[in-house]
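What follows is one structure encoded as structure tokens, with my remarks underneath.
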There are 2 protein chains.
Amino acid sequence: MPRAGLSEGRVVEEAEQLADEGGVVTLAAIAARLGVRVPSLYKHVAGSDALQQLIATRAKNELADVLGRASVGRARADAVEAIAWAYRRWATEHPGRYATTLRAPVPDDAADLAASERAIQVVLDALNGYGLTGAAAIDATRMLRATLHGFVALDAAGAFGLPDLDRSFARLIAGLQVMLESWPT
Amino acid sequence: MPRAGLSEGRVVEEAEQLADEGGVVTLAAIAARLGVRVPSLYKHVAGSDALQQLIATRAKNELADVLGRASVGRARADAVEAIAWAYRRWATEHPGRYATTLRAPVPDDAADLAASERAIQVVLDALNGYGLTGAAAIDATRMLRATLHGFVALDAAGAFGLPDLDRSFARLIAGLQVMLESWPT
DNA sequence: ACCGCAAAGCTAATACTGTTAGCCAAATAA
DNA sequence: TTATTTGGCTAACAGTATTAGCTTTGCGGT
């Protein structure tokens, strides 16, 4: 029996693809796609939970990259708008990976913690232009994350009616600008 | 063998309790708590999915009730503030039931659709005082739902650091007021 | 070139989950 | 009292994750 040439990375990639295609992310499904039996996967990942964790960490890093690239060279309203659209776009294009992004970082996983930090830092940097520091910056970051996540999450769940989502999102961003302009320091 | 005296309502209640206690909502766990074997549950609910559906519909109705009670007799800023705090409170006190609230209503379930409508209507009524109609009202409703859901979802996931959540939420509400005051009609 | 060994696949077995079929006793209706 | 419906049960099956243990591949060292 020839080897399939798997690796941790290969398994995680396949799981990510499967997740983003909306399939049920099960070891059985992943193994089938890789042309391998289920227990063979355990030679590369420690189990279902560990696999989820790997996907989550990679997703957080990728999201941080996307947001960082979107906001580079921009400030204030420009930066917020760019980040918002990039965030929504990545989340809707990668719903499976995005969903893993939300779970709290497990406290003993340094890589996961670092990835979470990176994503938040991009938002904090963008808000820097508004002169927010300390508690005000924390509040504003939480507000921004909550708003963006809430929109894409409700969208993904189909909780909104279908039409005019882009218009609603644009209005939302405009509203965020107003909010941030008047944010107390 | 004496009967356990179950009913659809009793099964759903137990599942709701289990969900809000953070347990894994599994037929096995529910049956154990009710002192009954798993297949017996099928005499009262049509299966795992159907049970989820029942919980979801009841949860949407309860949330609509809570928001409705909170906003009665209030308008504009008052109404928004009351709804926001009631929403967050109910969601954090009933995390399991709240989570079921987010799934899109299944199109052929009239009760579920009606429940979803009720909850949205409360928000729409509250925004009525701002003179929003048509597209503007839709945008504002989506914004409000997204913001509230985003905050409680990230909170529930532990995605925020622990401290000062009430302060951040209060700031968020204040920001929403500003946003709504300047919302274009 | 050969051996040895770690890595990578496999089968088999266990323990969960949900689900269906079919039995039997208990409550209820005639 | 008898007939029927109802609500519990056991048994069986399918799907999932996981572990144990076996075999073979393929690479590194001699």
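Here's how to read the names in the structure tokens: chain A, B, ... by the order shown, residue numbers from 1 in each chain, ligand numbers from 1 in the order shown.
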Per residue of chain D within 10 Å of chain B, which atom pair is closest and at what distance in Å (one decimal), using only C-alpha atoms (C1' of nucleotides), listed by chain and increasing number, as a tab-separated table?
residue	atom	partner	partner_atom	distance
D:DT6	C1'	B:Lys43	CA	9.0
D:DG7	C1'	B:Arg3	CA	7.0
D:DG8	C1'	B:Ser40	CA	6.3
D:DC9	C1'	B:Arg37	CA	7.9
D:DT10	C1'	B:Pro39	CA	9.9
Same residues, all heavy atoms, output as an mmCIF file, in the first residue's frame:
data_model
loop_
_atom_site.group_PDB
_atom_site.id
_atom_site.type_symbol
_atom_site.label_atom_id
_atom_site.label_comp_id
_atom_site.auth_asym_id
_atom_site.auth_seq_id
_atom_site.Cartn_x
_atom_site.Cartn_y
_atom_site.Cartn_z
ATOM 1 P P DT D 6 -53.027 7.998 21.122
ATOM 2 O OP1 DT D 6 -53.668 9.321 21.054
ATOM 3 O OP2 DT D 6 -52.306 7.439 19.949
ATOM 4 O "O5'" DT D 6 -52.021 7.999 22.354
ATOM 5 C "C5'" DT D 6 -52.559 7.987 23.670
ATOM 6 C "C4'" DT D 6 -51.511 7.478 24.628
ATOM 7 O "O4'" DT D 6 -51.446 6.037 24.585
ATOM 8 C "C3'" DT D 6 -50.093 7.973 24.310
ATOM 9 O "O3'" DT D 6 -49.687 8.771 25.393
ATOM 10 C "C2'" DT D 6 -49.259 6.690 24.149
ATOM 11 C "C1'" DT D 6 -50.122 5.649 24.845
ATOM 12 N N1 DT D 6 -49.997 4.241 24.346
ATOM 13 C C2 DT D 6 -49.740 3.258 25.262
ATOM 14 O O2 DT D 6 -49.595 3.469 26.448
ATOM 15 N N3 DT D 6 -49.664 1.995 24.732
ATOM 16 C C4 DT D 6 -49.807 1.627 23.401
ATOM 17 O O4 DT D 6 -49.716 0.465 23.054
ATOM 18 C C5 DT D 6 -50.069 2.716 22.498
ATOM 19 C C7 DT D 6 -50.256 2.427 21.043
ATOM 20 C C6 DT D 6 -50.154 3.961 23.004
ATOM 21 P P DG D 7 -48.286 9.520 25.418
ATOM 22 O OP1 DG D 7 -48.463 10.780 26.158
ATOM 23 O OP2 DG D 7 -47.801 9.523 24.019
ATOM 24 O "O5'" DG D 7 -47.348 8.578 26.270
ATOM 25 C "C5'" DG D 7 -47.745 8.214 27.593
ATOM 26 C "C4'" DG D 7 -46.687 7.312 28.187
ATOM 27 O "O4'" DG D 7 -46.782 6.004 27.585
ATOM 28 C "C3'" DG D 7 -45.255 7.800 27.945
ATOM 29 O "O3'" DG D 7 -44.489 7.536 29.108
ATOM 30 C "C2'" DG D 7 -44.806 6.957 26.767
ATOM 31 C "C1'" DG D 7 -45.537 5.651 27.027
ATOM 32 N N9 DG D 7 -45.804 4.868 25.828
ATOM 33 C C8 DG D 7 -46.064 5.324 24.563
ATOM 34 N N7 DG D 7 -46.267 4.367 23.701
ATOM 35 C C5 DG D 7 -46.130 3.205 24.435
ATOM 36 C C6 DG D 7 -46.230 1.846 24.035
ATOM 37 O O6 DG D 7 -46.481 1.390 22.918
ATOM 38 N N1 DG D 7 -46.021 0.976 25.111
ATOM 39 C C2 DG D 7 -45.740 1.375 26.391
ATOM 40 N N2 DG D 7 -45.571 0.394 27.275
ATOM 41 N N3 DG D 7 -45.642 2.632 26.776
ATOM 42 C C4 DG D 7 -45.846 3.496 25.744
ATOM 43 P P DG D 8 -43.104 8.310 29.306
ATOM 44 O OP1 DG D 8 -43.153 8.880 30.656
ATOM 45 O OP2 DG D 8 -42.888 9.213 28.162
ATOM 46 O "O5'" DG D 8 -42.019 7.144 29.136
ATOM 47 C "C5'" DG D 8 -41.428 6.465 30.187
ATOM 48 C "C4'" DG D 8 -41.456 4.949 29.977
ATOM 49 O "O4'" DG D 8 -42.417 4.584 28.972
ATOM 50 C "C3'" DG D 8 -40.169 4.304 29.453
ATOM 51 O "O3'" DG D 8 -39.221 4.156 30.484
ATOM 52 C "C2'" DG D 8 -40.690 2.950 28.990
ATOM 53 C "C1'" DG D 8 -42.100 3.278 28.516
ATOM 54 N N9 DG D 8 -42.229 3.236 27.058
ATOM 55 C C8 DG D 8 -42.270 4.300 26.190
ATOM 56 N N7 DG D 8 -42.421 3.945 24.937
ATOM 57 C C5 DG D 8 -42.471 2.559 24.974
ATOM 58 C C6 DG D 8 -42.616 1.613 23.925
ATOM 59 O O6 DG D 8 -42.730 1.827 22.706
ATOM 60 N N1 DG D 8 -42.606 0.299 24.403
ATOM 61 C C2 DG D 8 -42.478 -0.045 25.726
ATOM 62 N N2 DG D 8 -42.490 -1.343 25.990
ATOM 63 N N3 DG D 8 -42.349 0.831 26.711
ATOM 64 C C4 DG D 8 -42.351 2.113 26.274
ATOM 65 P P DC D 9 -37.711 3.857 30.155
ATOM 66 O OP1 DC D 9 -36.976 3.770 31.438
ATOM 67 O OP2 DC D 9 -37.284 4.808 29.123
ATOM 68 O "O5'" DC D 9 -37.758 2.393 29.495
ATOM 69 C "C5'" DC D 9 -37.946 1.260 30.328
ATOM 70 C "C4'" DC D 9 -38.022 -0.003 29.480
ATOM 71 O "O4'" DC D 9 -39.032 0.190 28.467
ATOM 72 C "C3'" DC D 9 -36.742 -0.311 28.718
ATOM 73 O "O3'" DC D 9 -35.922 -1.157 29.504
ATOM 74 C "C2'" DC D 9 -37.247 -1.028 27.472
ATOM 75 C "C1'" DC D 9 -38.680 -0.542 27.309
ATOM 76 N N1 DC D 9 -38.897 0.336 26.134
ATOM 77 C C2 DC D 9 -39.181 -0.239 24.890
ATOM 78 O O2 DC D 9 -39.236 -1.473 24.800
ATOM 79 N N3 DC D 9 -39.375 0.569 23.815
ATOM 80 C C4 DC D 9 -39.300 1.899 23.953
ATOM 81 N N4 DC D 9 -39.512 2.655 22.868
ATOM 82 C C5 DC D 9 -39.011 2.503 25.219
ATOM 83 C C6 DC D 9 -38.813 1.694 26.268
ATOM 84 P P DT D 10 -34.411 -1.334 29.104
ATOM 85 O OP1 DT D 10 -33.719 -1.750 30.341
ATOM 86 O OP2 DT D 10 -33.999 -0.101 28.402
ATOM 87 O "O5'" DT D 10 -34.366 -2.518 28.040
ATOM 88 C "C5'" DT D 10 -35.207 -3.669 28.175
ATOM 89 C "C4'" DT D 10 -35.089 -4.535 26.917
ATOM 90 O "O4'" DT D 10 -35.785 -3.870 25.833
ATOM 91 C "C3'" DT D 10 -33.648 -4.753 26.428
ATOM 92 O "O3'" DT D 10 -33.504 -6.081 25.943
ATOM 93 C "C2'" DT D 10 -33.493 -3.735 25.302
ATOM 94 C "C1'" DT D 10 -34.904 -3.676 24.741
ATOM 95 N N1 DT D 10 -35.252 -2.375 24.133
ATOM 96 C C2 DT D 10 -35.710 -2.328 22.832
ATOM 97 O O2 DT D 10 -35.839 -3.317 22.135
ATOM 98 N N3 DT D 10 -36.005 -1.060 22.388
ATOM 99 C C4 DT D 10 -35.898 0.117 23.084
ATOM 100 O O4 DT D 10 -36.193 1.191 22.571
ATOM 101 C C5 DT D 10 -35.407 0.000 24.431
ATOM 102 C C7 DT D 10 -35.241 1.215 25.284
ATOM 103 C C6 DT D 10 -35.107 -1.229 24.901
#
Chain B contacts to chain A at 10 Å (only C-alpha atoms) as an NGL selection string: :B and (101-105 or 116 or 135-136 or 138-161 or 164-165 or 167-180 or 182-184)
Any idea what's packed within 12 Å of His94 (chain A), counting only C-alpha atoms (C1' of nucleotides), ignoring anything in its chain fewer than 5 positions away? Could you give it as a PyMOL selection string? chain A and resi 16-22+55+59-60+62-63+86-89+99-101+152+156
Compute the chain C side of the contact with chain B at 10 Å, counting only C-alpha atoms (C1' of nucleotides), and hand it back as a ChimeraX atom specification. /C:16-20,25-27
One number please: CA of Ala15 (chain B) to CA of Ile30 (chain B), in Å, one decimal.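 Computed distance, CA of Ala15 (chain B) to CA of Ile30 (chain B), equals 6.1 Å.
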Residues within 9 Å of Arg118 (chain B), only C-alpha atoms (C1' of nucleotides), excluding chain neighbours under 5 positions, as a list in words: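 Selected residues are Lys60, Asn61, Ala64, Asp65 and Leu113 of chain B.
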Any chance you could export the current selection's C-alpha atoms as a CSV table (one decimal), in the first residue's frame?
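Final output, result-v4.csv:
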chain,number,residue,atom,x,y,z
B,60,LYS,CA,-37.3,33.7,20.3
B,61,ASN,CA,-40.7,34.2,21.8
B,64,ALA,CA,-39.4,39.0,22.2
B,65,ASP,CA,-41.4,39.1,25.5
B,113,LEU,CA,-41.2,32.5,11.6
